[in-house]
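S.K.: Here's a structure for you.
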Amino acid sequence: MAEQHYDLLVIGGGSGGLACSKAAAKLGKKVAVCDFVQPSPLGTTWGLGGTCVNVGCIPKKLMHQAALLGEAMKDAKEYGWDVPQTPTLKWEEMVGAVQMHIKSLNFGYRADLMSHSVKYLNAYATLVDAHTIETVDKKGKRSVLTAERVVLAMGGRPKYPDIPGARELAITSDDLFSMRTSPGKTLVVGASYVALECAGFIHGVGLETKVMMRSIPLRGFDQQMAGQIKTFMEQSGIPFVQGVPTSIEQAGERKRVTWTRTDGTTEAEEFDTVLLAVGRDVCTRGIGLEAAGVEVSPNGKIPVKSEQTNVPNIYAIGDVVDGDKLSPPSNLTELTPVAIQAGKLLAQRLYGGKTLEMDYTNVPTTVYTPLEYGCVGMTEELAESTYGKEAIEVYHSYFKPLEWTIPHKGDNACYAKLICLIPEKERVIGLHICGPNAGEMTQGFAVAMKCGATKADFDNTVGIHPTTVEEFTIMDVTKRSGASAEKTGC
Ligand code: FAD
Ligand code: NDP
């Protein structure tokens, strides 16, 4: 039994679990990781690496790129390139290429664990008590492992609305990225990150796409920016309908979706594919957290302090962490780099004599919609409610990327704003930009904001010309002034 005892046992081999286990092993600890993927209701399953690698960030960004290439081909014509009248994408080939890359990453993660001497168990783990875990592999073989410490990093899975046909006839992001045949005409239900990103690339690769929105787009994000993204998507040919689905039925080869509109009336339409993107549930139920005495919030998430749960030897990282219970609360805990950073720092504090804590504030993020949206810090709504309208100065600007002038597109589509706190020398507390490559632009500004950059620091920074990101160094129109934020020249 001796070899079954570990210094650290990690449940979940995703972004957070892998980072934490490798960091602990590097510091000389005996570590094991249990990772097991329960098949989706349609039977989709995948390899080691968790959500990001298999059914999240990686395939999503690659498919977003496929869509951007289609758009670039349209622009290329305007620049003089001779391209086919209607370039078409072979879905099967795109999925094949994406899945090939994912398989290589799965292989790389296994090799990486081996080279760090981390024991990998492809088995489902359940806590028996605070130090004991039972695992069951796919052949049903059971094992019992014990550990001094346990890290919970089980991530989450898509939710299903409680309506007829949802589980049997619809897909989620867990199924989409490995679909061997084109989804065809698609209804995307939901209007947050996952929904709008998927709707964006499905439409971008040439498929008819509709979004069903229950209330507002991109809840939790700056609503002016969210509106900008929605308008751009609508203008590119993605209709938004306001409503909630009530049933999904098979109708020949297609799926007939019935929904209730906000005004109470009902409507129905047939689609080839219905993609449900109505949020995610964390995988904390039925894994023995009660037996181990771990406190769980009503939303299923785990409250932590310095990643430690209420049970002293049990920790939690990544998507399972309850962001509402952090101090200050954070709605940006469900991101890969957050899980990785929290996992690494935890291992270094537990085993490396370090004291650095995970900082959940000023986490930058980007939504990979057809017009990308990058942000760091507060939304305008949050800044106003926290400090009061009078304490906030918002500098803003519409801009058009130089590259868009030849295809003559996107007037007033791209927009940037800086939210500054007047009593603190106009310290920048929120930065928002929607435009091409917003993800690449936002990262560096997150560093500046961590260093406490003020509006004067932005003004004193020389821009790089011609870029779109130089916009942040030349902003002089405040919202308060009421002056036009539209661009007139170079
Ligand atoms: P996960 O990566 O989900 O890993 C958890 C692992 O634990 C899984 O493999 C699961 O099967 C396994 N597991 C669960 N229960 C058990 C058990 N009892 N026993 C054994 N194994 C178990 N984030 C970004 O930063 N950028 C993006 O662009 C981005 N895009 C996304 C797109 C989509 C469509 C989705 C769904 C998410 C996206 N995310 C993105 C979020 C990101 O993927 C997650 O925040 C991140 O993967 C969370 O890491 P984690 O370690 O907490 O959990
Ligand atoms: P969210 O919980 O953020 O959004 C759920 C969406 O579904 C909302 O628009 C919600 O509407 C809608 N909805 C919920 N129930 C229903 C229903 N019954 N009928 C119709 N619509 C419904 O979840 P996501 O899955 O989009 O994202 C989860 C997390 O994954 C994010 O918080 C993010 O951290 C991470 N992620 C990160 C990405 C990135 O970094 N680029 C990309 C994708 C995900 P309403 O607003 O009315 O509640």
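In the structure tokens, chains take the letters A, B, ... in the order shown, each chain's residues start at 1, and ligands count up from 1 in the order shown.
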Show me, as a list in words, the residues that have an atom within 9 Å of Tyr109 (chain A) when counting only C-alpha atoms, minus same-chain residues fewer than 4 positions from it.
M.R.: Leu18, Leu48, Gly49, Ser104, Leu105, Leu113 and Met114 of chain A
S.K.: Output N, CA and C atoms of each residue in that selection to a file, as a CSV table (one decimal), in the first residue's frame.
M.R.:
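Saved to part_37.csv:
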chain,number,residue,atom,x,y,z
A,18,LEU,N,-3.0,20.3,-14.0
A,18,LEU,CA,-1.7,20.0,-14.5
A,18,LEU,C,-0.6,20.9,-14.1
A,48,LEU,N,-6.4,13.9,-22.3
A,48,LEU,CA,-5.8,14.6,-21.2
A,48,LEU,C,-5.6,16.1,-21.5
A,49,GLY,N,-5.9,16.9,-20.5
A,49,GLY,CA,-5.7,18.4,-20.7
A,49,GLY,C,-6.8,19.3,-20.3
A,104,SER,N,-2.0,16.0,-30.5
A,104,SER,CA,-0.6,16.1,-30.2
A,104,SER,C,-0.4,16.8,-28.9
A,105,LEU,N,-1.3,17.7,-28.5
A,105,LEU,CA,-1.3,18.3,-27.2
A,105,LEU,C,-1.5,17.3,-26.1
A,113,LEU,N,3.8,15.0,-17.9
A,113,LEU,CA,3.6,14.4,-16.6
A,113,LEU,C,4.7,13.4,-16.3
A,114,MET,N,4.9,12.5,-17.3
A,114,MET,CA,5.9,11.5,-17.1
A,114,MET,C,7.3,12.1,-16.8
S.K.: Please report, as JSON lines, each residue of region 390-461 of chain A lying at most 10 Å from region 211-233 of chain A, together with the nearest pair of atoms and the separation in Å rounded to one decimal; use only C-alpha atoms, and order rows by chain and ascending residue number.
M.R.:
{"residue": "A:Gly410", "atom": "CA", "partner": "A:Phe232", "partner_atom": "CA", "distance": 8.3}
{"residue": "A:Asn412", "atom": "CA", "partner": "A:Gln228", "partner_atom": "CA", "distance": 9.1}
{"residue": "A:Ala413", "atom": "CA", "partner": "A:Phe232", "partner_atom": "CA", "distance": 6.6}
{"residue": "A:Cys414", "atom": "CA", "partner": "A:Gln228", "partner_atom": "CA", "distance": 8.1}
{"residue": "A:Tyr415", "atom": "CA", "partner": "A:Met225", "partner_atom": "CA", "distance": 8.0}
{"residue": "A:Ala416", "atom": "CA", "partner": "A:Met225", "partner_atom": "CA", "distance": 8.7}
{"residue": "A:Lys417", "atom": "CA", "partner": "A:Met225", "partner_atom": "CA", "distance": 9.3}
{"residue": "A:Gly430", "atom": "CA", "partner": "A:Asp222", "partner_atom": "CA", "distance": 9.7}
{"residue": "A:His432", "atom": "CA", "partner": "A:Met225", "partner_atom": "CA", "distance": 7.5}
{"residue": "A:Ile433", "atom": "CA", "partner": "A:Met225", "partner_atom": "CA", "distance": 7.8}
{"residue": "A:Cys434", "atom": "CA", "partner": "A:Met225", "partner_atom": "CA", "distance": 7.2}
{"residue": "A:Gly435", "atom": "CA", "partner": "A:Ile229", "partner_atom": "CA", "distance": 9.4}
S.K.: Write to file, as a PDB file, in the first residue's frame, the residues of the selection just made, with all heavy atoms.
M.R.:
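To be explicit, this is the file written out as out.pdb:
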ATOM      1  N   GLY A 410     -16.458  48.777 -41.817  1.00  0.00           N
ATOM      2  CA  GLY A 410     -16.382  48.967 -40.382  1.00  0.00           C
ATOM      3  C   GLY A 410     -16.368  50.393 -39.878  1.00  0.00           C
ATOM      4  O   GLY A 410     -15.717  50.674 -38.875  1.00  0.00           O
ATOM      5  N   ASN A 412     -17.183  53.157 -37.583  1.00  0.00           N
ATOM      6  CA  ASN A 412     -17.659  53.188 -36.191  1.00  0.00           C
ATOM      7  C   ASN A 412     -17.851  51.810 -35.565  1.00  0.00           C
ATOM      8  O   ASN A 412     -18.604  51.653 -34.612  1.00  0.00           O
ATOM      9  CB  ASN A 412     -18.975  53.968 -36.068  1.00  0.00           C
ATOM     10  CG  ASN A 412     -18.754  55.442 -36.310  1.00  0.00           C
ATOM     11  OD1 ASN A 412     -17.646  55.940 -36.113  1.00  0.00           O
ATOM     12  ND2 ASN A 412     -19.788  56.134 -36.751  1.00  0.00           N
ATOM     13  N   ALA A 413     -17.176  50.804 -36.113  1.00  0.00           N
ATOM     14  CA  ALA A 413     -17.286  49.463 -35.514  1.00  0.00           C
ATOM     15  C   ALA A 413     -16.286  49.331 -34.366  1.00  0.00           C
ATOM     16  O   ALA A 413     -16.607  48.793 -33.317  1.00  0.00           O
ATOM     17  CB  ALA A 413     -17.027  48.389 -36.557  1.00  0.00           C
ATOM     18  N   CYS A 414     -15.077  49.824 -34.579  1.00  0.00           N
ATOM     19  CA  CYS A 414     -14.032  49.643 -33.563  1.00  0.00           C
ATOM     20  C   CYS A 414     -14.088  50.803 -32.574  1.00  0.00           C
ATOM     21  O   CYS A 414     -14.304  51.957 -32.953  1.00  0.00           O
ATOM     22  CB  CYS A 414     -12.658  49.590 -34.219  1.00  0.00           C
ATOM     23  SG  CYS A 414     -12.526  48.251 -35.404  1.00  0.00           S
ATOM     24  N   TYR A 415     -13.861  50.480 -31.327  1.00  0.00           N
ATOM     25  CA  TYR A 415     -14.071  51.476 -30.279  1.00  0.00           C
ATOM     26  C   TYR A 415     -13.176  51.137 -29.094  1.00  0.00           C
ATOM     27  O   TYR A 415     -12.952  49.956 -28.783  1.00  0.00           O
ATOM     28  CB  TYR A 415     -15.541  51.430 -29.865  1.00  0.00           C
ATOM     29  CG  TYR A 415     -15.933  52.377 -28.754  1.00  0.00           C
ATOM     30  CD1 TYR A 415     -16.063  53.742 -28.994  1.00  0.00           C
ATOM     31  CD2 TYR A 415     -16.180  51.893 -27.475  1.00  0.00           C
ATOM     32  CE1 TYR A 415     -16.442  54.601 -27.966  1.00  0.00           C
ATOM     33  CE2 TYR A 415     -16.565  52.747 -26.456  1.00  0.00           C
ATOM     34  CZ  TYR A 415     -16.687  54.104 -26.711  1.00  0.00           C
ATOM     35  OH  TYR A 415     -17.061  54.951 -25.703  1.00  0.00           O
ATOM     36  N   ALA A 416     -12.644  52.187 -28.465  1.00  0.00           N
ATOM     37  CA  ALA A 416     -11.788  51.960 -27.291  1.00  0.00           C
ATOM     38  C   ALA A 416     -12.151  52.964 -26.215  1.00  0.00           C
ATOM     39  O   ALA A 416     -12.535  54.097 -26.520  1.00  0.00           O
ATOM     40  CB  ALA A 416     -10.330  52.119 -27.681  1.00  0.00           C
ATOM     41  N   LYS A 417     -12.029  52.545 -24.963  1.00  0.00           N
ATOM     42  CA  LYS A 417     -12.231  53.521 -23.892  1.00  0.00           C
ATOM     43  C   LYS A 417     -11.357  53.201 -22.679  1.00  0.00           C
ATOM     44  O   LYS A 417     -11.029  52.031 -22.412  1.00  0.00           O
ATOM     45  CB  LYS A 417     -13.704  53.642 -23.504  1.00  0.00           C
ATOM     46  CG  LYS A 417     -14.325  52.464 -22.807  1.00  0.00           C
ATOM     47  CD  LYS A 417     -15.783  52.823 -22.443  1.00  0.00           C
ATOM     48  CE  LYS A 417     -16.522  51.611 -21.940  1.00  0.00           C
ATOM     49  NZ  LYS A 417     -17.944  51.882 -21.691  1.00  0.00           N
ATOM     50  N   GLY A 430     -10.083  50.830 -15.827  1.00  0.00           N
ATOM     51  CA  GLY A 430     -10.768  49.968 -16.796  1.00  0.00           C
ATOM     52  C   GLY A 430     -10.289  50.294 -18.196  1.00  0.00           C
ATOM     53  O   GLY A 430     -10.156  51.475 -18.549  1.00  0.00           O
ATOM     54  N   HIS A 432     -10.927  49.044 -22.263  1.00  0.00           N
ATOM     55  CA  HIS A 432     -11.805  48.235 -23.119  1.00  0.00           C
ATOM     56  C   HIS A 432     -11.521  48.552 -24.581  1.00  0.00           C
ATOM     57  O   HIS A 432     -11.421  49.729 -24.935  1.00  0.00           O
ATOM     58  CB  HIS A 432     -13.280  48.544 -22.834  1.00  0.00           C
ATOM     59  CG  HIS A 432     -13.652  48.288 -21.402  1.00  0.00           C
ATOM     60  ND1 HIS A 432     -14.260  47.129 -20.999  1.00  0.00           N
ATOM     61  CD2 HIS A 432     -13.462  49.030 -20.286  1.00  0.00           C
ATOM     62  CE1 HIS A 432     -14.445  47.162 -19.690  1.00  0.00           C
ATOM     63  NE2 HIS A 432     -13.966  48.312 -19.230  1.00  0.00           N
ATOM     64  N   ILE A 433     -11.436  47.522 -25.388  1.00  0.00           N
ATOM     65  CA  ILE A 433     -11.231  47.782 -26.819  1.00  0.00           C
ATOM     66  C   ILE A 433     -11.904  46.699 -27.644  1.00  0.00           C
ATOM     67  O   ILE A 433     -11.808  45.506 -27.326  1.00  0.00           O
ATOM     68  CB  ILE A 433      -9.722  47.886 -27.168  1.00  0.00           C
ATOM     69  CG1 ILE A 433      -9.542  48.272 -28.642  1.00  0.00           C
ATOM     70  CG2 ILE A 433      -8.939  46.613 -26.830  1.00  0.00           C
ATOM     71  CD1 ILE A 433      -8.193  48.860 -28.974  1.00  0.00           C
ATOM     72  N   CYS A 434     -12.634  47.109 -28.679  1.00  0.00           N
ATOM     73  CA  CYS A 434     -13.078  46.097 -29.629  1.00  0.00           C
ATOM     74  C   CYS A 434     -12.530  46.456 -30.997  1.00  0.00           C
ATOM     75  O   CYS A 434     -12.634  47.590 -31.457  1.00  0.00           O
ATOM     76  CB  CYS A 434     -14.589  45.893 -29.619  1.00  0.00           C
ATOM     77  SG  CYS A 434     -15.560  47.322 -29.931  1.00  0.00           S
ATOM     78  N   GLY A 435     -11.890  45.476 -31.585  1.00  0.00           N
ATOM     79  CA  GLY A 435     -11.243  45.658 -32.873  1.00  0.00           C
ATOM     80  C   GLY A 435     -10.441  44.414 -33.192  1.00  0.00           C
ATOM     81  O   GLY A 435     -10.330  43.511 -32.354  1.00  0.00           O
TER      82      GLY A 435
END
S.K.: May I have all residues of region 197-386 of chain A that DSSP, computed from the backbone, assigns to strand (DSSP E), given as number ranges by chain?
M.R.: A: 209-213, 240-251, 254-261, 266-271, 273-276, 280-282, 314-316, 365-367, 373-377
S.K.: Write a file of the selected residues as a PDB file, in the first residue's frame, keeping C-alpha atoms.
M.R.:
ATOM      1  CA  THR A 209     -26.388  31.169 -37.921  1.00  0.00           C
ATOM      2  CA  LYS A 210     -28.894  32.666 -35.517  1.00  0.00           C
ATOM      3  CA  VAL A 211     -28.442  33.632 -31.847  1.00  0.00           C
ATOM      4  CA  MET A 212     -31.208  33.249 -29.277  1.00  0.00           C
ATOM      5  CA  MET A 213     -30.658  35.738 -26.483  1.00  0.00           C
ATOM      6  CA  PHE A 240     -30.358  37.851 -32.779  1.00  0.00           C
ATOM      7  CA  VAL A 241     -33.780  36.753 -31.584  1.00  0.00           C
ATOM      8  CA  GLN A 242     -34.943  37.584 -28.085  1.00  0.00           C
ATOM      9  CA  GLY A 243     -36.401  34.543 -26.348  1.00  0.00           C
ATOM     10  CA  VAL A 244     -36.030  31.274 -24.466  1.00  0.00           C
ATOM     11  CA  PRO A 245     -36.385  27.829 -26.076  1.00  0.00           C
ATOM     12  CA  THR A 246     -39.255  25.665 -24.835  1.00  0.00           C
ATOM     13  CA  SER A 247     -38.775  22.492 -26.892  1.00  0.00           C
ATOM     14  CA  ILE A 248     -36.606  20.812 -29.511  1.00  0.00           C
ATOM     15  CA  GLU A 249     -38.137  18.106 -31.720  1.00  0.00           C
ATOM     16  CA  GLN A 250     -36.862  16.003 -34.586  1.00  0.00           C
ATOM     17  CA  ALA A 251     -38.392  17.194 -37.879  1.00  0.00           C
ATOM     18  CA  ARG A 254     -33.716  18.798 -38.989  1.00  0.00           C
ATOM     19  CA  LYS A 255     -34.517  19.997 -35.477  1.00  0.00           C
ATOM     20  CA  ARG A 256     -37.589  22.087 -34.874  1.00  0.00           C
ATOM     21  CA  VAL A 257     -37.075  24.603 -32.081  1.00  0.00           C
ATOM     22  CA  THR A 258     -39.993  26.344 -30.416  1.00  0.00           C
ATOM     23  CA  TRP A 259     -39.305  29.387 -28.293  1.00  0.00           C
ATOM     24  CA  THR A 260     -41.130  32.002 -26.257  1.00  0.00           C
ATOM     25  CA  ARG A 261     -40.365  35.580 -27.131  1.00  0.00           C
ATOM     26  CA  THR A 266     -44.187  31.719 -29.408  1.00  0.00           C
ATOM     27  CA  GLU A 267     -42.306  31.038 -32.599  1.00  0.00           C
ATOM     28  CA  ALA A 268     -40.730  27.976 -34.219  1.00  0.00           C
ATOM     29  CA  GLU A 269     -38.085  27.303 -36.842  1.00  0.00           C
ATOM     30  CA  GLU A 270     -36.096  24.351 -38.165  1.00  0.00           C
ATOM     31  CA  PHE A 271     -32.329  24.094 -37.925  1.00  0.00           C
ATOM     32  CA  THR A 273     -28.005  22.011 -35.446  1.00  0.00           C
ATOM     33  CA  VAL A 274     -28.990  23.499 -32.114  1.00  0.00           C
ATOM     34  CA  LEU A 275     -25.999  24.552 -30.014  1.00  0.00           C
ATOM     35  CA  LEU A 276     -26.832  25.142 -26.365  1.00  0.00           C
ATOM     36  CA  ARG A 280     -21.664  25.780 -17.217  1.00  0.00           C
ATOM     37  CA  ASP A 281     -22.034  23.689 -14.057  1.00  0.00           C
ATOM     38  CA  VAL A 282     -18.957  22.883 -12.012  1.00  0.00           C
ATOM     39  CA  ILE A 314      -7.974  20.360   0.776  1.00  0.00           C
ATOM     40  CA  TYR A 315      -7.502  23.135  -1.787  1.00  0.00           C
ATOM     41  CA  ALA A 316      -9.424  24.233  -4.881  1.00  0.00           C
ATOM     42  CA  THR A 365      -9.592  38.699 -21.008  1.00  0.00           C
ATOM     43  CA  THR A 366     -10.679  38.679 -24.625  1.00  0.00           C
ATOM     44  CA  VAL A 367     -13.891  37.540 -26.224  1.00  0.00           C
ATOM     45  CA  TYR A 373     -13.241  42.460 -27.512  1.00  0.00           C
ATOM     46  CA  GLY A 374     -10.418  42.780 -24.993  1.00  0.00           C
ATOM     47  CA  CYS A 375     -10.719  44.242 -21.518  1.00  0.00           C
ATOM     48  CA  VAL A 376      -9.021  44.562 -18.186  1.00  0.00           C
ATOM     49  CA  GLY A 377     -10.304  46.090 -14.979  1.00  0.00           C
TER      50      GLY A 377
END
S.K.: Kindly provide the residues of chain A that approach ligand 1 to within 7 Å, each paired with its closest atom pair and their distance in Å to one decimal, based on only C-alpha atoms and all ligand atoms, listed by chain and increasing number, as a tab-separated table.
M.R.:
residue	atom	partner	partner_atom_place_in_ligand_line	distance
A:Ile11	CA	ligand 1	20 (C)	5.3
A:Gly12	CA	ligand 1	7 (O)	3.1
A:Gly13	CA	ligand 1	6 (C)	4.8
A:Gly14	CA	ligand 1	4 (O)	3.3
A:Ser15	CA	ligand 1	51 (O)	3.9
A:Gly16	CA	ligand 1	51 (O)	3.6
A:Gly17	CA	ligand 1	51 (O)	5.3
A:Cys34	CA	ligand 1	20 (C)	4.8
A:Asp35	CA	ligand 1	21 (N)	3.5
A:Phe36	CA	ligand 1	21 (N)	4.0
A:Val37	CA	ligand 1	11 (O)	3.8
A:Gln38	CA	ligand 1	11 (O)	6.3
A:Leu48	CA	ligand 1	9 (O)	6.4
A:Gly49	CA	ligand 1	9 (O)	6.0
A:Gly50	CA	ligand 1	9 (O)	3.5
A:Thr51	CA	ligand 1	2 (O)	3.9
A:Cys52	CA	ligand 1	43 (O)	3.5
A:Val55	CA	ligand 1	34 (C)	5.9
A:Gly56	CA	ligand 1	33 (C)	3.5
A:Cys57	CA	ligand 1	30 (N)	3.5
A:Lys60	CA	ligand 1	32 (C)	5.9
A:Lys61	CA	ligand 1	28 (O)	6.6
A:Ala123	CA	ligand 1	20 (C)	5.8
A:Tyr124	CA	ligand 1	19 (N)	3.7
A:Ala125	CA	ligand 1	19 (N)	3.9
A:Thr126	CA	ligand 1	18 (N)	5.8
A:Ala153	CA	ligand 1	51 (O)	5.2
A:Met154	CA	ligand 1	14 (C)	3.7
A:Gly155	CA	ligand 1	53 (O)	3.3
A:Gly156	CA	ligand 1	3 (O)	5.3
A:Ser173	CA	ligand 1	34 (C)	5.4
A:Val194	CA	ligand 1	34 (C)	5.0
A:Cys283	CA	ligand 1	15 (N)	5.4
A:Ile287	CA	ligand 1	18 (N)	5.8
A:Ile317	CA	ligand 1	52 (O)	6.2
A:Gly318	CA	ligand 1	52 (O)	3.4
A:Asp319	CA	ligand 1	52 (O)	4.0
A:Val320	CA	ligand 1	52 (O)	6.1
A:Glu334	CA	ligand 1	45 (O)	3.9
A:Leu335	CA	ligand 1	45 (O)	3.4
A:Thr336	CA	ligand 1	25 (O)	3.9
A:Pro337	CA	ligand 1	25 (O)	5.6
A:Ala339	CA	ligand 1	49 (O)	5.4
S.K.: Would you list the contacts of region 322-331 of chain A as JSON, numbers by chain, taking every protein, DNA or RNA residue within 7 Å and counting only C-alpha atoms, but skipping same-chain residues closer than 6 positions in sequence?
M.R.: {"A": [301, 302, 303, 360]}
S.K.: Find the residues around Asn437 (chain A) up to 7 Å (only C-alpha atoms counted), leave out those fewer than 3 positions away in its own chain, and share them as a list in words.
M.R.: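 Counting only the stated atoms, we get Glu372, Glu440 and Met441 of chain A.
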S.K.: For those residues, write N, CA and C atoms to a file as an mmCIF file, in the first residue's frame.
M.R.:
data_model
loop_
_atom_site.group_PDB
_atom_site.id
_atom_site.type_symbol
_atom_site.label_atom_id
_atom_site.label_comp_id
_atom_site.auth_asym_id
_atom_site.auth_seq_id
_atom_site.Cartn_x
_atom_site.Cartn_y
_atom_site.Cartn_z
ATOM 1 N N GLU A 372 -13.097 41.245 -32.188
ATOM 2 C CA GLU A 372 -12.642 40.802 -30.857
ATOM 3 C C GLU A 372 -12.820 41.916 -29.827
ATOM 4 N N GLU A 440 -4.364 40.405 -28.508
ATOM 5 C CA GLU A 440 -2.925 40.718 -28.519
ATOM 6 C C GLU A 440 -2.677 42.096 -27.914
ATOM 7 N N MET A 441 -3.630 43.006 -28.081
ATOM 8 C CA MET A 441 -3.422 44.385 -27.600
ATOM 9 C C MET A 441 -3.577 44.494 -26.098
#
S.K.: Report as a ChimeraX atom specification all protein, DNA and RNA residues lying within 8 Å of Arg427 (chain A), evaluated on only C-alpha atoms, omitting residues in the same chain fewer than 4 positions from it.
M.R.: /A:420-422,452-455
S.K.: Which neighbours of Lys159 (chain A) fall inside 8 Å, counting only C-alpha atoms, when residues of the same chain fewer than 2 positions from it are skipped, and could you give them as a list in words?
M.R.: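 Contacts, in chain order: Arg157, Pro161, Ala277, Val278, Gly279, Arg280 and Asp281 of chain A.
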S.K.: For a quick check of understanding, using only C-alpha atoms, which of A:Asp272, A:Ile102, A:Arg149, A:Pro364 has the smallest distance to Ala347 (chain A)?
M.R.: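 Between A:Asp272, A:Ile102, A:Arg149, A:Pro364, the residue approaching Ala347 (chain A) most closely is A:Arg149.
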S.K.: CA of Ala97 (chain A) to atom 41 (N, counted along the ligand's line) of ligand 2: how many Å, to one decimal?
M.R.: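 These atoms are spaced 21.0 Å apart.
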S.K.: Just give me the gap between CA of Pro312 (chain A) and CA of Val118 (chain A) in Å, one decimal is fine.
M.R.: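 Distance reported for this atom pair: 23.1 Å.
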